[in-house]
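Here is the file coords-v8.txt (compact mmCIF, C-alpha atoms and all ligand atoms).
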# COMPACT_ATOMS: atom_id res chain seq x y z
CA MET O 53 10.31 -16.07 -10.67
CA SER O 54 12.56 -13.18 -9.65
CA ILE O 55 13.50 -13.53 -5.97
CA SER O 56 15.94 -11.58 -3.86
CA LEU O 57 16.66 -11.91 -0.17
CA VAL O 58 16.82 -9.26 2.54
CA ARG O 59 17.92 -9.67 6.13
CA TRP O 60 15.46 -8.22 8.63
CA ARG O 61 15.78 -8.31 12.42
CA GLY O 62 17.72 -11.57 12.37
CA SER O 63 15.63 -13.42 9.79
CA THR O 64 15.67 -13.72 6.01
CA VAL O 65 12.78 -12.33 3.99
CA ALA O 66 12.25 -13.33 0.34
CA VAL O 67 11.20 -10.54 -2.01
CA VAL O 68 9.34 -11.71 -5.12
CA LYS O 69 8.77 -9.31 -8.02
CA ILE O 70 5.12 -9.14 -9.03
CA GLU O 71 5.07 -10.29 -12.66
CA SER O 72 3.87 -13.92 -12.88
CA ALA O 73 0.21 -14.96 -12.58
CA ALA O 74 1.03 -16.61 -9.23
CA SER O 75 2.50 -13.39 -7.83
CA VAL O 76 -0.50 -11.36 -9.05
CA GLU O 77 -2.77 -13.84 -7.24
CA ALA O 78 -0.63 -13.62 -4.07
CA LEU O 79 -0.97 -9.84 -4.25
CA ARG O 80 -4.78 -10.17 -4.53
CA LYS O 81 -4.98 -12.28 -1.38
CA LEU O 82 -2.81 -9.87 0.59
CA ARG O 83 -4.75 -6.87 -0.71
CA ASN O 84 -8.04 -8.52 0.37
CA GLN O 85 -6.64 -9.29 3.83
CA THR O 86 -5.60 -5.66 4.34
CA SER O 87 -8.34 -3.84 2.40
CA ALA O 88 -9.76 -1.91 5.38
CA GLY O 89 -6.72 0.41 5.50
CA PHE O 90 -6.75 1.72 1.95
CA SER O 91 -7.80 5.17 0.82
CA SER O 92 -9.72 3.84 -2.18
CA PHE O 93 -11.75 0.66 -2.70
CA ASN O 94 -12.13 -1.36 0.48
CA GLY O 95 -14.22 -4.19 -1.01
CA HIS O 96 -13.27 -7.77 -1.91
CA ILE O 97 -11.35 -8.30 -5.17
CA SER O 98 -12.21 -11.46 -7.14
CA ALA O 99 -9.63 -13.44 -9.12
CA ASP O 100 -11.19 -12.29 -12.42
CA ASP O 101 -11.21 -8.64 -11.35
CA GLN O 102 -7.59 -8.95 -10.35
CA LYS O 103 -6.57 -10.42 -13.72
CA ARG O 104 -8.38 -7.65 -15.61
CA TRP O 105 -6.83 -4.99 -13.38
CA TRP O 106 -3.34 -6.41 -13.88
CA GLU O 107 -3.68 -6.58 -17.68
CA GLU O 108 -4.76 -2.96 -17.72
CA MET O 109 -2.26 -1.63 -15.20
CA ARG O 110 0.84 -3.85 -15.44
CA HIS O 111 2.92 -1.30 -17.38
CA ARG O 112 2.24 1.34 -14.74
CA ILE O 113 3.05 -0.79 -11.68
CA ARG O 114 6.21 -1.99 -9.98
CA GLY O 115 5.55 -4.25 -7.04
CA TRP O 116 6.88 -6.95 -4.80
CA THR O 117 5.50 -9.50 -2.34
CA TYR O 118 7.41 -10.39 0.83
CA TRP O 119 7.65 -13.91 2.24
CA THR O 120 9.12 -15.82 5.12
CA TYR O 121 11.96 -17.94 3.77
CA ALA O 122 13.43 -21.30 4.74
CA GLU O 123 15.31 -24.07 2.98
CA SER O 124 15.64 -21.96 -0.17
CA VAL O 125 11.90 -21.44 -0.74
CA PRO O 126 9.44 -18.63 0.01
CA LEU O 127 6.92 -19.96 2.56
CA ALA O 128 4.27 -17.69 4.09
CA PRO O 129 3.20 -14.38 2.51
CA ILE O 130 4.03 -11.46 4.82
CA GLY O 131 2.91 -8.50 2.77
CA PHE O 132 3.24 -6.47 -0.39
CA GLY O 133 4.53 -3.13 -1.55
CA LEU O 134 3.94 -1.47 -4.88
CA VAL O 135 4.10 1.82 -6.70
CA ARG O 136 1.64 2.76 -9.43
CA GLU O 137 1.83 5.60 -11.93
CA GLU O 138 -1.13 7.95 -12.09
CA ASP O 139 -1.23 11.47 -13.50
CA GLY O 140 2.55 11.59 -13.77
CA ARG O 141 3.19 10.64 -10.15
CA TRP O 142 4.12 7.30 -8.61
CA TRP O 143 1.84 6.38 -5.66
CA ASN O 144 2.71 3.69 -3.17
CA SER O 145 0.52 1.18 -1.43
CA ILE O 146 1.63 -1.41 1.07
CA GLY O 147 -0.07 -4.01 3.21
CA VAL O 148 1.06 -6.47 5.85
CA SER O 149 -0.95 -9.63 6.55
CA PRO O 150 -2.71 -9.43 9.96
CA ASP O 151 -0.59 -12.44 11.05
CA PHE O 152 2.57 -10.34 10.70
CA GLN O 153 1.47 -6.82 11.67
CA GLY O 154 3.19 -4.89 14.45
CA ARG O 155 6.53 -6.66 13.96
CA GLY O 156 8.28 -4.08 11.81
CA PHE O 157 7.46 -5.58 8.40
CA GLY O 158 5.50 -2.52 7.25
CA SER O 159 8.60 -0.44 7.96
CA LEU O 160 10.80 -2.90 6.08
CA ILE O 161 8.49 -2.96 3.05
CA THR O 162 8.09 0.83 2.94
CA HIS O 163 11.85 1.30 2.97
CA ASP O 164 12.56 -1.56 0.55
CA VAL O 165 10.05 -0.32 -2.05
CA LEU O 166 11.59 3.17 -2.01
CA VAL O 167 15.07 1.76 -2.52
CA ARG O 168 14.02 -0.63 -5.29
CA PHE O 169 11.98 2.01 -7.11
CA GLY O 170 14.69 4.65 -6.77
CA GLY O 171 12.56 7.73 -7.42
CA VAL O 172 10.16 10.06 -5.66
CA VAL O 173 6.98 8.35 -4.46
CA PHE O 174 3.71 9.82 -3.19
CA ALA O 175 1.28 8.39 -0.64
CA ALA O 176 -2.28 9.22 0.45
CA VAL O 177 -3.16 7.95 3.94
CA ARG O 178 -6.58 7.98 5.60
CA LEU O 179 -6.80 10.13 8.71
CA ASP O 180 -8.21 7.18 10.69
CA ASN O 181 -5.28 4.89 9.74
CA ALA O 182 -3.01 5.49 12.75
CA PRO O 183 -0.43 2.75 11.95
CA ALA O 184 0.07 4.00 8.39
CA LEU O 185 0.26 7.67 9.48
CA LEU O 186 2.85 6.83 12.13
CA MET O 187 4.83 4.74 9.71
CA HIS O 188 5.06 7.57 7.16
CA HIS O 189 5.93 10.13 9.85
CA LYS O 190 8.64 7.87 11.20
CA PHE O 191 10.41 7.50 7.87
CA ASP O 192 11.70 9.69 5.13
CA TRP O 193 8.38 11.22 4.07
CA GLU O 194 7.31 14.83 4.02
CA GLU O 195 3.70 15.88 4.48
CA ILE O 196 2.36 17.90 1.53
CA ASP O 197 -0.92 19.58 0.61
CA GLY O 198 -3.47 17.45 -1.23
CA PRO O 199 -6.94 17.74 -2.73
CA GLU O 200 -8.86 15.91 0.05
CA PRO O 201 -7.39 17.19 3.35
CA GLU O 202 -10.54 16.35 5.36
CA ARG O 203 -10.18 12.63 4.52
CA LEU O 204 -6.56 12.00 3.56
CA ARG O 205 -3.08 13.07 4.50
CA TYR O 206 -0.59 13.31 1.62
CA PHE O 207 3.11 12.51 1.69
CA ARG O 208 6.08 12.73 -0.65
CA SER O 209 9.18 10.61 -0.13
CA ASN O 210 12.49 12.35 0.31
CA THR O 211 14.28 9.17 -0.71
CA GLY O 212 14.81 9.37 -4.47
CA ALA O 213 14.48 13.18 -4.59
CA ALA O 214 17.11 14.93 -6.73
C1 LIG Z 1 -0.07 0.06 7.92
C2 LIG Z 1 0.59 -1.31 7.99
C3 LIG Z 1 1.21 -1.61 6.62
C4 LIG Z 1 1.68 -1.29 9.07
O1 LIG Z 1 2.36 -2.53 9.01
P1 LIG Z 1 3.10 -3.13 10.29
O2 LIG Z 1 3.96 -4.25 9.83
O3 LIG Z 1 2.11 -3.44 11.34
O4 LIG Z 1 4.00 -1.86 10.72
P2 LIG Z 1 5.28 -1.84 11.63
O5 LIG Z 1 5.26 -3.00 12.57
O6 LIG Z 1 6.48 -1.67 10.75
O7 LIG Z 1 5.05 -0.51 12.45
C5 LIG Z 1 5.37 0.75 11.90
C6 LIG Z 1 4.93 1.83 12.85
O8 LIG Z 1 3.52 1.94 12.79
C7 LIG Z 1 3.00 2.18 14.08
N1 LIG Z 1 2.05 1.12 14.39
C8 LIG Z 1 2.08 -0.19 14.02
N2 LIG Z 1 0.97 -0.83 14.43
C9 LIG Z 1 0.23 0.10 15.07
C10 LIG Z 1 -1.03 0.08 15.71
N3 LIG Z 1 -1.77 -1.05 15.78
N4 LIG Z 1 -1.51 1.23 16.26
C11 LIG Z 1 -0.79 2.36 16.18
N5 LIG Z 1 0.42 2.44 15.58
C12 LIG Z 1 0.92 1.33 15.05
C13 LIG Z 1 4.15 2.24 15.04
O9 LIG Z 1 4.53 3.59 15.19
C14 LIG Z 1 5.23 1.53 14.31
O10 LIG Z 1 6.48 2.06 14.63
P3 LIG Z 1 7.34 1.48 15.87
O11 LIG Z 1 8.42 0.70 15.21
O12 LIG Z 1 7.80 2.73 16.49
O13 LIG Z 1 6.45 0.65 16.72
C15 LIG Z 1 -0.41 -2.44 8.38
O14 LIG Z 1 -1.08 -2.06 9.56
C16 LIG Z 1 -1.43 -2.74 7.31
O15 LIG Z 1 -1.19 -3.55 6.41
N6 LIG Z 1 -2.62 -2.11 7.39
C17 LIG Z 1 -3.67 -2.33 6.42
C18 LIG Z 1 -3.32 -1.77 5.04
C19 LIG Z 1 -2.90 -0.31 5.14
O16 LIG Z 1 -3.43 0.45 5.92
N7 LIG Z 1 -1.94 0.07 4.27
C20 LIG Z 1 -1.41 1.42 4.23
C21 LIG Z 1 -2.25 2.25 3.35
S1 LIG Z 1 -1.48 3.85 3.19

Before we go any further, please render this structure as structure tokens.
Amino acid sequence: MSISLVRWRGSTVAVVKIESAASVEALRKLRNQTSAGFSSFNGHISADDQKRWWEEMRHRIRGWTYWTYAESVPLAPIGFGLVREEDGRWWNSIGVSPDFQGRGFGSLITHDVLVRFGGVVFAAVRLDNAPALLMHHKFDWEEIDGPEPERLRYFRSNTGAA
């Protein structure tokens, strides 16, 4: 398991690269807990669906889960952040468990994913998703035109731009 540690507002957060079966399953649970916010597919993902999806997509995804950390072990899952390649662009998606929302972790994950990925990332955010819109406006993202302006707002990260 590949773990690194980041300091965040006085506590230590463990960052686990999504690559093992256990981390793919942790991602599934977090994705199901946060599904209402996403721009595509808001239903429940089963363990089998998740395994199939991962086998198909794993070479086009870089992702991490974020955990509380004590006594040298990751404890409770806080959230996830990933980027996925589609049509030549890398798209991000992040989610924070309802237990940890509103405490700055979404901001931490958004920033951390950009730094770890190290390139330009795109995001599509639903117009009714106020927290996600505010989060992208607050950070280093630029609003751009996109194909579904009546439903989604599109962003491109400035971090990682040449
Ligand atoms: C969007 C999401 C990741 C934000 O995570 P979070 O940990 O709650 O975010 P933060 O605490 O870092 O807050 C970031 C900013 O969002 C805004 N925000 C957070 N919660 C909010 C709420 N309930 N209502 C309005 N704005 C909110 C604030 O502007 C905040 O900035 P602040 O530091 O000035 O307060 C989280 O709500 C989530 O997982 N939602 C479901 C999945 C989702 O929508 N993913 C994004 C898809 S693009």

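If all atoms listed in the file are the atoms counted, then among O:Gln153, O:Asn210, O:Asn144, O:Thr120 the closest residue to O:Thr64 is O:Thr120.
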
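Residue nearest O:Asp100, chosen from O:Val65, O:Asp164, O:Glu77, O:Thr211 and counting all atoms listed in the file: O:Glu77.
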
10 Å shell around ligand LIG 1 (chain Z) using all atoms listed in the file, listed as a CSV table (one decimal) with C-alpha atoms, keeping the file's coordinate frame:
chain,number,residue,atom,x,y,z
O,82,LEU,CA,-2.8,-9.9,0.6
O,83,ARG,CA,-4.8,-6.9,-0.7
O,84,ASN,CA,-8.0,-8.5,0.4
O,85,GLN,CA,-6.6,-9.3,3.8
O,86,THR,CA,-5.6,-5.7,4.3
O,87,SER,CA,-8.3,-3.8,2.4
O,88,ALA,CA,-9.8,-1.9,5.4
O,89,GLY,CA,-6.7,0.4,5.5
O,90,PHE,CA,-6.8,1.7,2.0
O,91,SER,CA,-7.8,5.2,0.8
O,92,SER,CA,-9.7,3.8,-2.2
O,94,ASN,CA,-12.1,-1.4,0.5
O,130,ILE,CA,4.0,-11.5,4.8
O,131,GLY,CA,2.9,-8.5,2.8
O,132,PHE,CA,3.2,-6.5,-0.4
O,133,GLY,CA,4.5,-3.1,-1.6
O,143,TRP,CA,1.8,6.4,-5.7
O,144,ASN,CA,2.7,3.7,-3.2
O,145,SER,CA,0.5,1.2,-1.4
O,146,ILE,CA,1.6,-1.4,1.1
O,147,GLY,CA,-0.1,-4.0,3.2
O,148,VAL,CA,1.1,-6.5,5.8
O,149,SER,CA,-1.0,-9.6,6.6
O,150,PRO,CA,-2.7,-9.4,10.0
O,151,ASP,CA,-0.6,-12.4,11.0
O,152,PHE,CA,2.6,-10.3,10.7
O,153,GLN,CA,1.5,-6.8,11.7
O,154,GLY,CA,3.2,-4.9,14.4
O,155,ARG,CA,6.5,-6.7,14.0
O,156,GLY,CA,8.3,-4.1,11.8
O,157,PHE,CA,7.5,-5.6,8.4
O,158,GLY,CA,5.5,-2.5,7.2
O,159,SER,CA,8.6,-0.4,8.0
O,160,LEU,CA,10.8,-2.9,6.1
O,161,ILE,CA,8.5,-3.0,3.0
O,162,THR,CA,8.1,0.8,2.9
O,163,HIS,CA,11.8,1.3,3.0
O,175,ALA,CA,1.3,8.4,-0.6
O,176,ALA,CA,-2.3,9.2,0.4
O,177,VAL,CA,-3.2,8.0,3.9
O,178,ARG,CA,-6.6,8.0,5.6
O,179,LEU,CA,-6.8,10.1,8.7
O,180,ASP,CA,-8.2,7.2,10.7
O,181,ASN,CA,-5.3,4.9,9.7
O,182,ALA,CA,-3.0,5.5,12.8
O,183,PRO,CA,-0.4,2.8,12.0
O,184,ALA,CA,0.1,4.0,8.4
O,185,LEU,CA,0.3,7.7,9.5
O,186,LEU,CA,2.8,6.8,12.1
O,187,MET,CA,4.8,4.7,9.7
O,188,HIS,CA,5.1,7.6,7.2
O,189,HIS,CA,5.9,10.1,9.8
O,190,LYS,CA,8.6,7.9,11.2
O,191,PHE,CA,10.4,7.5,7.9
O,204,LEU,CA,-6.6,12.0,3.6
O,205,ARG,CA,-3.1,13.1,4.5
O,206,TYR,CA,-0.6,13.3,1.6
O,207,PHE,CA,3.1,12.5,1.7

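Note that atom CA of O:Glu202 and atom CA of O:Val172 are 24.3 Å apart.
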
Which residue out of O:Val67, O:Val173, O:Gln102, O:Glu107 has the minimum interatomic distance to O:Arg136 when all atoms listed in the file are used?
O:Val173

Hey, can you check how far atom CA of O:Ile113 sits from atom CA of O:Trp142?
8.7 Å

Extract, using all atoms listed in the file, all DNA, RNA and protein residues at most 10 Å from O:Ser75, discarding same-chain residues fewer than 5 positions from it, and format them as a PyMOL selection string.
chain O and resi 53+68-70+80-81+115-117

Output C-alpha atoms for every residue in that selection, as a PDB file, keeping the file's coordinate frame.
ATOM      1  CA  MET O  53      10.310 -16.070 -10.670  1.00  0.00           C
ATOM      2  CA  VAL O  68       9.340 -11.710  -5.120  1.00  0.00           C
ATOM      3  CA  LYS O  69       8.770  -9.310  -8.020  1.00  0.00           C
ATOM      4  CA  ILE O  70       5.120  -9.140  -9.030  1.00  0.00           C
ATOM      5  CA  ARG O  80      -4.780 -10.170  -4.530  1.00  0.00           C
ATOM      6  CA  LYS O  81      -4.980 -12.280  -1.380  1.00  0.00           C
ATOM      7  CA  GLY O 115       5.550  -4.250  -7.040  1.00  0.00           C
ATOM      8  CA  TRP O 116       6.880  -6.950  -4.800  1.00  0.00           C
ATOM      9  CA  THR O 117       5.500  -9.500  -2.340  1.00  0.00           C
TER      10      THR O 117
END

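Computed from the coordinates, the atom CA of O:Pro129 to atom CA of O:Gly62 distance equals 17.8 Å.
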
For O:Ala122, work out the shell of residues within 12 Å, counting only C-alpha atoms and skipping chain neighbours fewer than 3 positions away, then give it as number ranges by chain.
O: 57, 63-66, 119, 125-128

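Distances here use all atoms listed in the file; by that measure, the residue among O:Val167, O:His111, O:Val76, O:Tyr118 closest to O:Ala99 is O:Val76.
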